[in-house]
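Visitor: entry.txt (compact mmCIF, N, CA and C atoms) pasted underneath:
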# COMPACT_ATOMS: atom_id res chain seq x y z
N MET A 441 29.91 68.17 -10.82
CA MET A 441 29.63 66.95 -11.53
C MET A 441 28.21 66.51 -11.21
N ASN A 442 27.63 66.04 -12.26
CA ASN A 442 26.25 65.60 -12.11
C ASN A 442 26.19 64.07 -12.20
N PHE A 443 26.12 63.44 -11.02
CA PHE A 443 26.01 61.98 -10.99
C PHE A 443 24.55 61.59 -10.86
N LYS A 444 24.09 60.77 -11.79
CA LYS A 444 22.71 60.30 -11.73
C LYS A 444 22.73 58.80 -11.46
N ASN A 445 21.78 58.40 -10.71
CA ASN A 445 21.66 56.98 -10.42
C ASN A 445 20.89 56.33 -11.57
N ARG A 446 21.57 55.53 -12.34
CA ARG A 446 20.95 54.91 -13.51
C ARG A 446 20.12 53.68 -13.14
N ASN A 447 20.49 52.99 -12.09
CA ASN A 447 19.77 51.79 -11.69
C ASN A 447 18.77 52.16 -10.60
N LYS A 448 17.54 52.19 -10.98
CA LYS A 448 16.51 52.51 -10.00
C LYS A 448 15.93 51.21 -9.45
N VAL A 449 15.72 51.18 -8.18
CA VAL A 449 15.14 50.03 -7.53
C VAL A 449 13.63 50.17 -7.57
N SER A 450 12.98 49.11 -8.05
CA SER A 450 11.53 49.14 -8.15
C SER A 450 10.92 48.77 -6.79
N PRO A 451 9.95 49.53 -6.31
CA PRO A 451 9.33 49.22 -5.01
C PRO A 451 8.29 48.11 -5.10
N GLU A 452 8.07 47.52 -6.28
CA GLU A 452 7.08 46.47 -6.45
C GLU A 452 7.65 45.13 -6.01
N PHE A 453 6.75 44.25 -5.54
CA PHE A 453 7.14 42.92 -5.06
C PHE A 453 6.54 41.88 -6.01
N SER A 454 7.36 41.00 -6.52
CA SER A 454 6.90 39.97 -7.44
C SER A 454 6.42 38.75 -6.65
N MET A 455 5.17 38.38 -6.87
CA MET A 455 4.59 37.24 -6.15
C MET A 455 4.75 35.92 -6.91
N SER A 456 5.31 35.93 -8.09
CA SER A 456 5.38 34.71 -8.89
C SER A 456 6.24 33.63 -8.23
N SER A 457 7.35 34.01 -7.65
CA SER A 457 8.19 33.01 -7.00
C SER A 457 7.53 32.47 -5.73
N MET A 458 6.79 33.32 -5.04
CA MET A 458 6.09 32.88 -3.83
C MET A 458 4.97 31.89 -4.18
N THR A 459 4.25 32.16 -5.26
CA THR A 459 3.18 31.24 -5.65
C THR A 459 3.73 29.90 -6.13
N ASP A 460 4.89 29.91 -6.76
CA ASP A 460 5.53 28.66 -7.16
C ASP A 460 5.83 27.80 -5.93
N ILE A 461 6.36 28.39 -4.91
CA ILE A 461 6.69 27.66 -3.69
C ILE A 461 5.43 27.11 -3.03
N VAL A 462 4.38 27.92 -2.99
CA VAL A 462 3.12 27.48 -2.38
C VAL A 462 2.55 26.29 -3.15
N PHE A 463 2.55 26.33 -4.47
CA PHE A 463 2.03 25.21 -5.25
C PHE A 463 2.88 23.96 -5.09
N LEU A 464 4.19 24.10 -5.02
CA LEU A 464 5.06 22.94 -4.80
C LEU A 464 4.79 22.32 -3.43
N LEU A 465 4.60 23.14 -2.41
CA LEU A 465 4.28 22.62 -1.09
C LEU A 465 2.92 21.92 -1.09
N LEU A 466 1.96 22.49 -1.78
CA LEU A 466 0.64 21.89 -1.87
C LEU A 466 0.70 20.52 -2.52
N ILE A 467 1.43 20.40 -3.61
CA ILE A 467 1.59 19.11 -4.29
C ILE A 467 2.31 18.12 -3.39
N PHE A 468 3.35 18.56 -2.70
CA PHE A 468 4.09 17.68 -1.79
C PHE A 468 3.18 17.11 -0.70
N PHE A 469 2.40 17.96 -0.06
CA PHE A 469 1.53 17.49 1.02
C PHE A 469 0.39 16.62 0.51
N MET A 470 -0.08 16.88 -0.69
CA MET A 470 -1.12 16.02 -1.25
C MET A 470 -0.59 14.63 -1.54
N LEU A 471 0.64 14.53 -2.02
CA LEU A 471 1.22 13.23 -2.35
C LEU A 471 1.63 12.45 -1.11
N THR A 472 2.02 13.13 -0.06
CA THR A 472 2.51 12.42 1.12
C THR A 472 1.45 12.20 2.19
N SER A 473 0.26 12.74 2.00
CA SER A 473 -0.77 12.55 3.02
C SER A 473 -1.28 11.12 2.97
N ASN A 474 -1.77 10.64 4.09
CA ASN A 474 -2.29 9.28 4.18
C ASN A 474 -3.73 9.24 3.68
N ALA A 475 -4.00 8.21 2.91
CA ALA A 475 -5.38 8.00 2.46
C ALA A 475 -6.14 7.29 3.57
N PRO A 476 -7.35 7.73 3.91
CA PRO A 476 -8.06 7.12 5.04
C PRO A 476 -8.52 5.69 4.80
N ASN A 477 -8.71 5.28 3.55
CA ASN A 477 -9.20 3.93 3.28
C ASN A 477 -8.10 3.00 2.76
N ALA A 478 -6.86 3.31 3.07
CA ALA A 478 -5.76 2.50 2.58
C ALA A 478 -5.67 1.19 3.35
N LEU A 479 -5.18 0.16 2.69
CA LEU A 479 -4.98 -1.13 3.32
C LEU A 479 -3.59 -1.16 3.95
N ASP A 480 -3.49 -1.63 5.18
CA ASP A 480 -2.19 -1.77 5.82
C ASP A 480 -1.55 -3.06 5.35
N MET A 481 -0.37 -2.93 4.76
CA MET A 481 0.34 -4.10 4.27
C MET A 481 1.79 -4.03 4.67
N ILE A 482 2.37 -5.17 4.94
CA ILE A 482 3.79 -5.25 5.19
C ILE A 482 4.40 -6.01 4.02
N LEU A 483 5.29 -5.35 3.32
CA LEU A 483 5.95 -5.98 2.19
C LEU A 483 7.35 -6.40 2.61
N PRO A 484 7.62 -7.68 2.68
CA PRO A 484 8.96 -8.11 3.08
C PRO A 484 9.97 -7.80 1.98
N LYS A 485 11.19 -7.57 2.39
CA LYS A 485 12.25 -7.31 1.42
C LYS A 485 12.55 -8.58 0.66
N ALA A 486 12.90 -8.43 -0.58
CA ALA A 486 13.14 -9.59 -1.43
C ALA A 486 14.46 -10.27 -1.11
N LYS A 487 15.41 -9.54 -0.50
CA LYS A 487 16.72 -10.12 -0.24
C LYS A 487 16.75 -10.97 1.03
N GLY A 488 16.01 -10.54 2.05
CA GLY A 488 16.08 -11.24 3.33
C GLY A 488 14.84 -12.05 3.60
N LYS A 489 14.83 -12.68 4.76
CA LYS A 489 13.68 -13.46 5.18
C LYS A 489 12.82 -12.62 6.09
N SER A 490 11.52 -12.87 6.07
CA SER A 490 10.58 -12.16 6.92
C SER A 490 10.61 -12.75 8.32
N THR A 491 10.60 -11.88 9.34
CA THR A 491 10.60 -12.37 10.72
C THR A 491 9.19 -12.60 11.22
N ASN A 492 8.19 -12.15 10.47
CA ASN A 492 6.81 -12.35 10.88
C ASN A 492 6.38 -13.78 10.57
N THR A 493 5.62 -14.36 11.46
CA THR A 493 5.10 -15.69 11.22
C THR A 493 3.64 -15.56 10.81
N GLN A 494 3.28 -16.23 9.73
CA GLN A 494 1.91 -16.15 9.27
C GLN A 494 1.09 -17.24 9.94
N ASN A 495 -0.16 -16.93 10.19
CA ASN A 495 -1.08 -17.91 10.75
C ASN A 495 -1.77 -18.69 9.64
N VAL A 496 -2.09 -18.00 8.54
CA VAL A 496 -2.82 -18.61 7.43
C VAL A 496 -2.18 -18.15 6.12
N SER A 497 -2.16 -19.05 5.15
CA SER A 497 -1.62 -18.73 3.84
C SER A 497 -2.74 -18.74 2.81
N VAL A 498 -2.84 -17.67 2.02
CA VAL A 498 -3.82 -17.59 0.94
C VAL A 498 -3.04 -17.49 -0.37
N SER A 499 -3.31 -18.42 -1.28
CA SER A 499 -2.62 -18.44 -2.57
C SER A 499 -3.62 -18.24 -3.69
N ILE A 500 -3.18 -17.50 -4.72
CA ILE A 500 -4.00 -17.29 -5.91
C ILE A 500 -3.18 -17.73 -7.12
N LYS A 501 -3.68 -18.69 -7.86
CA LYS A 501 -2.99 -19.21 -9.04
C LYS A 501 -3.37 -18.40 -10.28
N LYS A 502 -2.64 -18.62 -11.37
CA LYS A 502 -2.90 -17.90 -12.62
C LYS A 502 -4.29 -18.19 -13.17
N ASN A 503 -4.78 -19.40 -12.95
CA ASN A 503 -6.11 -19.76 -13.46
C ASN A 503 -7.22 -19.28 -12.52
N LEU A 504 -6.88 -18.37 -11.58
CA LEU A 504 -7.80 -17.71 -10.66
C LEU A 504 -8.47 -18.68 -9.68
N THR A 505 -7.72 -19.68 -9.26
CA THR A 505 -8.21 -20.56 -8.19
C THR A 505 -7.58 -20.11 -6.89
N TYR A 506 -8.35 -20.16 -5.82
CA TYR A 506 -7.93 -19.70 -4.50
C TYR A 506 -7.64 -20.90 -3.61
N TYR A 507 -6.58 -20.80 -2.80
CA TYR A 507 -6.23 -21.84 -1.85
C TYR A 507 -5.99 -21.20 -0.49
N VAL A 508 -6.59 -21.75 0.55
CA VAL A 508 -6.34 -21.31 1.92
C VAL A 508 -5.69 -22.48 2.63
N ASN A 509 -4.43 -22.29 3.02
CA ASN A 509 -3.61 -23.36 3.63
C ASN A 509 -3.60 -24.62 2.77
N GLY A 510 -3.54 -24.44 1.46
CA GLY A 510 -3.44 -25.57 0.54
C GLY A 510 -4.76 -26.18 0.13
N LYS A 511 -5.88 -25.75 0.69
CA LYS A 511 -7.19 -26.29 0.33
C LYS A 511 -7.87 -25.35 -0.67
N LYS A 512 -8.36 -25.93 -1.75
CA LYS A 512 -9.00 -25.14 -2.81
C LYS A 512 -10.36 -24.65 -2.34
N LEU A 513 -10.61 -23.33 -2.55
CA LEU A 513 -11.88 -22.71 -2.18
C LEU A 513 -12.36 -21.81 -3.29
N LYS A 514 -13.65 -21.49 -3.26
CA LYS A 514 -14.20 -20.48 -4.16
C LYS A 514 -14.00 -19.12 -3.51
N ALA A 515 -14.08 -18.05 -4.33
CA ALA A 515 -13.81 -16.70 -3.83
C ALA A 515 -14.78 -16.28 -2.73
N ASN A 516 -16.03 -16.72 -2.81
CA ASN A 516 -17.01 -16.31 -1.80
C ASN A 516 -16.88 -17.11 -0.50
N GLN A 517 -16.04 -18.14 -0.47
CA GLN A 517 -15.86 -18.95 0.74
C GLN A 517 -14.64 -18.51 1.56
N ILE A 518 -13.83 -17.62 1.02
CA ILE A 518 -12.56 -17.26 1.66
C ILE A 518 -12.78 -16.58 3.01
N GLU A 519 -13.68 -15.62 3.06
CA GLU A 519 -13.87 -14.85 4.30
C GLU A 519 -14.31 -15.74 5.45
N GLY A 520 -15.25 -16.63 5.21
CA GLY A 520 -15.71 -17.54 6.27
C GLY A 520 -14.61 -18.45 6.76
N LYS A 521 -13.80 -18.95 5.83
CA LYS A 521 -12.70 -19.85 6.20
C LYS A 521 -11.65 -19.10 7.01
N LEU A 522 -11.33 -17.86 6.60
CA LEU A 522 -10.34 -17.08 7.34
C LEU A 522 -10.84 -16.74 8.74
N LYS A 523 -12.12 -16.42 8.86
CA LYS A 523 -12.68 -16.12 10.19
C LYS A 523 -12.58 -17.33 11.11
N SER A 524 -12.87 -18.51 10.59
CA SER A 524 -12.81 -19.70 11.43
C SER A 524 -11.37 -20.06 11.81
N LEU A 525 -10.42 -19.84 10.90
CA LEU A 525 -9.02 -20.18 11.18
C LEU A 525 -8.33 -19.17 12.09
N LEU A 526 -8.71 -17.90 12.00
CA LEU A 526 -8.00 -16.85 12.73
C LEU A 526 -8.78 -16.31 13.93
N SER A 527 -9.86 -16.95 14.30
CA SER A 527 -10.70 -16.41 15.38
C SER A 527 -10.01 -16.45 16.74
N ASN A 528 -9.13 -17.38 17.00
CA ASN A 528 -8.49 -17.52 18.31
C ASN A 528 -7.14 -16.84 18.41
N ASN A 529 -6.69 -16.17 17.36
CA ASN A 529 -5.35 -15.57 17.36
C ASN A 529 -5.39 -14.14 17.88
N GLU A 530 -4.37 -13.80 18.69
CA GLU A 530 -4.24 -12.43 19.19
C GLU A 530 -3.90 -11.45 18.09
N LYS A 531 -2.91 -11.81 17.29
CA LYS A 531 -2.46 -10.98 16.17
C LYS A 531 -2.62 -11.78 14.89
N PRO A 532 -3.83 -11.81 14.33
CA PRO A 532 -4.04 -12.62 13.13
C PRO A 532 -3.26 -12.07 11.94
N THR A 533 -2.51 -12.94 11.31
CA THR A 533 -1.68 -12.57 10.17
C THR A 533 -1.94 -13.53 9.04
N LEU A 534 -1.98 -12.98 7.82
CA LEU A 534 -2.17 -13.85 6.69
C LEU A 534 -1.14 -13.55 5.62
N MET A 535 -0.59 -14.61 5.03
CA MET A 535 0.41 -14.51 3.97
C MET A 535 -0.31 -14.63 2.64
N LEU A 536 -0.19 -13.61 1.80
CA LEU A 536 -0.84 -13.60 0.49
C LEU A 536 0.20 -13.92 -0.57
N ARG A 537 -0.04 -15.01 -1.28
CA ARG A 537 0.85 -15.42 -2.38
C ARG A 537 0.05 -15.36 -3.67
N ALA A 538 0.33 -14.36 -4.49
CA ALA A 538 -0.33 -14.23 -5.79
C ALA A 538 0.68 -14.56 -6.86
N GLU A 539 0.33 -15.54 -7.68
CA GLU A 539 1.23 -15.95 -8.76
C GLU A 539 1.39 -14.83 -9.76
N GLU A 540 2.54 -14.79 -10.41
CA GLU A 540 2.82 -13.75 -11.39
C GLU A 540 1.80 -13.82 -12.52
N GLY A 541 1.19 -12.71 -12.87
CA GLY A 541 0.20 -12.66 -13.93
C GLY A 541 -1.23 -12.65 -13.42
N VAL A 542 -1.43 -12.76 -12.12
CA VAL A 542 -2.77 -12.69 -11.54
C VAL A 542 -3.22 -11.23 -11.55
N PRO A 543 -4.44 -10.95 -12.02
CA PRO A 543 -4.92 -9.55 -12.00
C PRO A 543 -4.95 -9.00 -10.58
N ILE A 544 -4.61 -7.73 -10.43
CA ILE A 544 -4.51 -7.10 -9.12
C ILE A 544 -5.85 -7.11 -8.39
N GLU A 545 -6.95 -7.11 -9.13
CA GLU A 545 -8.27 -7.11 -8.50
C GLU A 545 -8.48 -8.35 -7.63
N LYS A 546 -7.91 -9.47 -8.04
CA LYS A 546 -8.07 -10.72 -7.29
C LYS A 546 -7.28 -10.66 -5.98
N ALA A 547 -6.11 -10.05 -5.99
CA ALA A 547 -5.34 -9.89 -4.76
C ALA A 547 -6.00 -8.86 -3.84
N VAL A 548 -6.58 -7.82 -4.42
CA VAL A 548 -7.26 -6.79 -3.63
C VAL A 548 -8.49 -7.37 -2.94
N LEU A 549 -9.14 -8.35 -3.56
CA LEU A 549 -10.28 -9.01 -2.94
C LEU A 549 -9.88 -9.62 -1.59
N VAL A 550 -8.75 -10.31 -1.56
CA VAL A 550 -8.27 -10.92 -0.32
C VAL A 550 -7.80 -9.85 0.66
N MET A 551 -7.15 -8.81 0.18
CA MET A 551 -6.70 -7.74 1.07
C MET A 551 -7.88 -6.98 1.67
N ASP A 552 -8.96 -6.85 0.92
CA ASP A 552 -10.15 -6.18 1.44
C ASP A 552 -10.80 -7.02 2.55
N ILE A 553 -10.82 -8.33 2.39
CA ILE A 553 -11.33 -9.22 3.44
C ILE A 553 -10.49 -9.06 4.70
N ALA A 554 -9.18 -9.02 4.52
CA ALA A 554 -8.27 -8.86 5.66
C ALA A 554 -8.47 -7.50 6.33
N ASN A 555 -8.68 -6.46 5.56
CA ASN A 555 -8.89 -5.12 6.11
C ASN A 555 -10.18 -5.05 6.91
N ARG A 556 -11.24 -5.64 6.40
CA ARG A 556 -12.52 -5.64 7.11
C ARG A 556 -12.43 -6.35 8.46
N ASN A 557 -11.64 -7.41 8.51
CA ASN A 557 -11.53 -8.21 9.73
C ASN A 557 -10.31 -7.87 10.57
N LYS A 558 -9.57 -6.82 10.17
CA LYS A 558 -8.40 -6.33 10.90
C LYS A 558 -7.29 -7.40 11.01
N TYR A 559 -7.02 -8.08 9.89
CA TYR A 559 -5.92 -9.03 9.81
C TYR A 559 -4.72 -8.31 9.22
N LYS A 560 -3.54 -8.68 9.67
CA LYS A 560 -2.31 -8.15 9.08
C LYS A 560 -2.01 -8.96 7.82
N VAL A 561 -1.61 -8.28 6.75
CA VAL A 561 -1.34 -8.95 5.47
C VAL A 561 0.15 -8.84 5.16
N ILE A 562 0.72 -9.98 4.80
CA ILE A 562 2.11 -10.01 4.33
C ILE A 562 2.07 -10.50 2.90
N LEU A 563 2.61 -9.73 1.98
CA LEU A 563 2.65 -10.12 0.57
C LEU A 563 3.93 -10.87 0.31
N ALA A 564 3.80 -12.09 -0.12
CA ALA A 564 4.98 -12.93 -0.40
C ALA A 564 5.63 -12.50 -1.70
N VAL A 565 6.94 -12.43 -1.71
CA VAL A 565 7.70 -12.10 -2.91
C VAL A 565 8.72 -13.19 -3.16
N ARG A 566 9.21 -13.21 -4.38
CA ARG A 566 10.23 -14.17 -4.77
C ARG A 566 11.61 -13.59 -4.43
N PRO A 567 12.48 -14.33 -3.75
CA PRO A 567 13.81 -13.79 -3.45
C PRO A 567 14.62 -13.57 -4.71
N LYS A 568 15.48 -12.56 -4.66
CA LYS A 568 16.32 -12.24 -5.83
C LYS A 568 17.43 -13.23 -6.00
Give the structure from the file, written as structure tokens.

Guide:
Amino acid sequence: MNFKNRNKVSPEFSMSSMTDIVFLLLIFFMLTSNAPNALDMILPKAKGKSTNTQNVSVSIKKNLTYYVNGKKLKANQIEGKLKSLLSNNEKPTLMLRAEEGVPIEKAVLVMDIANRNKYKVILAVRPK
């Protein structure tokens, strides 16, 4: 009897599945890596209360007026006021309250001031 092996095994190795895995890993690490210029923020949960105590409160209204501890200020006066209020604190913390509809650039202005001066920022949210 003449038995022939009809299924021949190919000695070639397919790299397509290996390259797929490498690209998926590359995308994963790019998305999860830390950006060096990121702002450190603590976002409190909307359901519970925050245990952090703020030293200073910065509010931004829809009409783009700024308030530091309830006092109206211009945008260029915020940094000086924050420095004077938080100069004696060990762990300076500021609560940022941006009204709904305020452009993100205005909130980033305050967060950038906090980042430059190494203040901790807590973003206030509305409870559910």

Visitor: So how many Å separate CA of Tyr559 in chain A and CA of Pro532 in chain A, to one decimal?

Guide: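 Straight-line distance from CA of Tyr559 in chain A to CA of Pro532 in chain A works out to 5.2 Å.
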
Visitor: Taking only C-alpha atoms into account, which of A:Lys501, A:Arg446, A:Lys511, A:Lys558 comes nearest Ser527 in chain A?

Guide: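 When distances to Ser527 in chain A are compared using only C-alpha atoms, the smallest one comes from A:Lys558.
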
Visitor: Which residue out of A:Lys531, A:Lys512, A:Arg537, A:Lys546 has the minimum interatomic distance to Val498 in chain A when only C-alpha atoms are used?

Guide: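 Among the listed residues, A:Arg537 lies closest to Val498 in chain A.
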
Visitor: CA of Leu525 in chain A and CA of Glu539 in chain A, how far apart in Å?

Guide: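 Atom-to-atom, CA of Glu539 in chain A to CA of Leu525 in chain A, that is 22.8 Å.
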
Visitor: Distance CA of Phe468 in chain A-CA of Phe453 in chain A, one decimal place?

Guide: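 CA of Phe453 in chain A lies at a distance of 25.6 Å from CA of Phe468 in chain A.
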
Visitor: Once DSSP has gone over the backbone, tell me which residues of range 514-552 of chain A are in alpha helix (DSSP H), as a list in words.

Guide: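 Selection result, alpha helix (DSSP H) within range 514-552 of chain A: Ile518, Glu519, Gly520, Lys521, Leu522, Lys523, Ser524, Leu525, Leu526, Ile544, Glu545, Lys546, Ala547, Val548, Leu549, Val550, Met551 and Asp552 of chain A.
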
Visitor: Near Met535 in chain A, counting only N, CA and C atoms, which residues have an atom at most 6.5 Å away, once you skip same-chain residues fewer than 3 positions from it, shown as a PyMOL selection string?

Guide: chain A and resi 494-499+560-564

Visitor: Can you pull out the residues contacting Ile518 in chain A? Cut-off 8 Å, using all atoms listed in the file, and skip same-chain residues under 5 positions away; I want them as a list of chain:residue names.

Guide: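 These residues fall inside the cut-off: A:Tyr507, A:Val508, A:Leu513, A:Lys523, A:Ser524, A:Val550, A:Ile553.
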
Visitor: Using only N, CA and C atoms, which of the listed residues (A:Val449, A:Leu471, A:Leu522, A:Ala538) sits closest to Val565 in chain A?

Guide: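 Closest candidate: A:Ala538.
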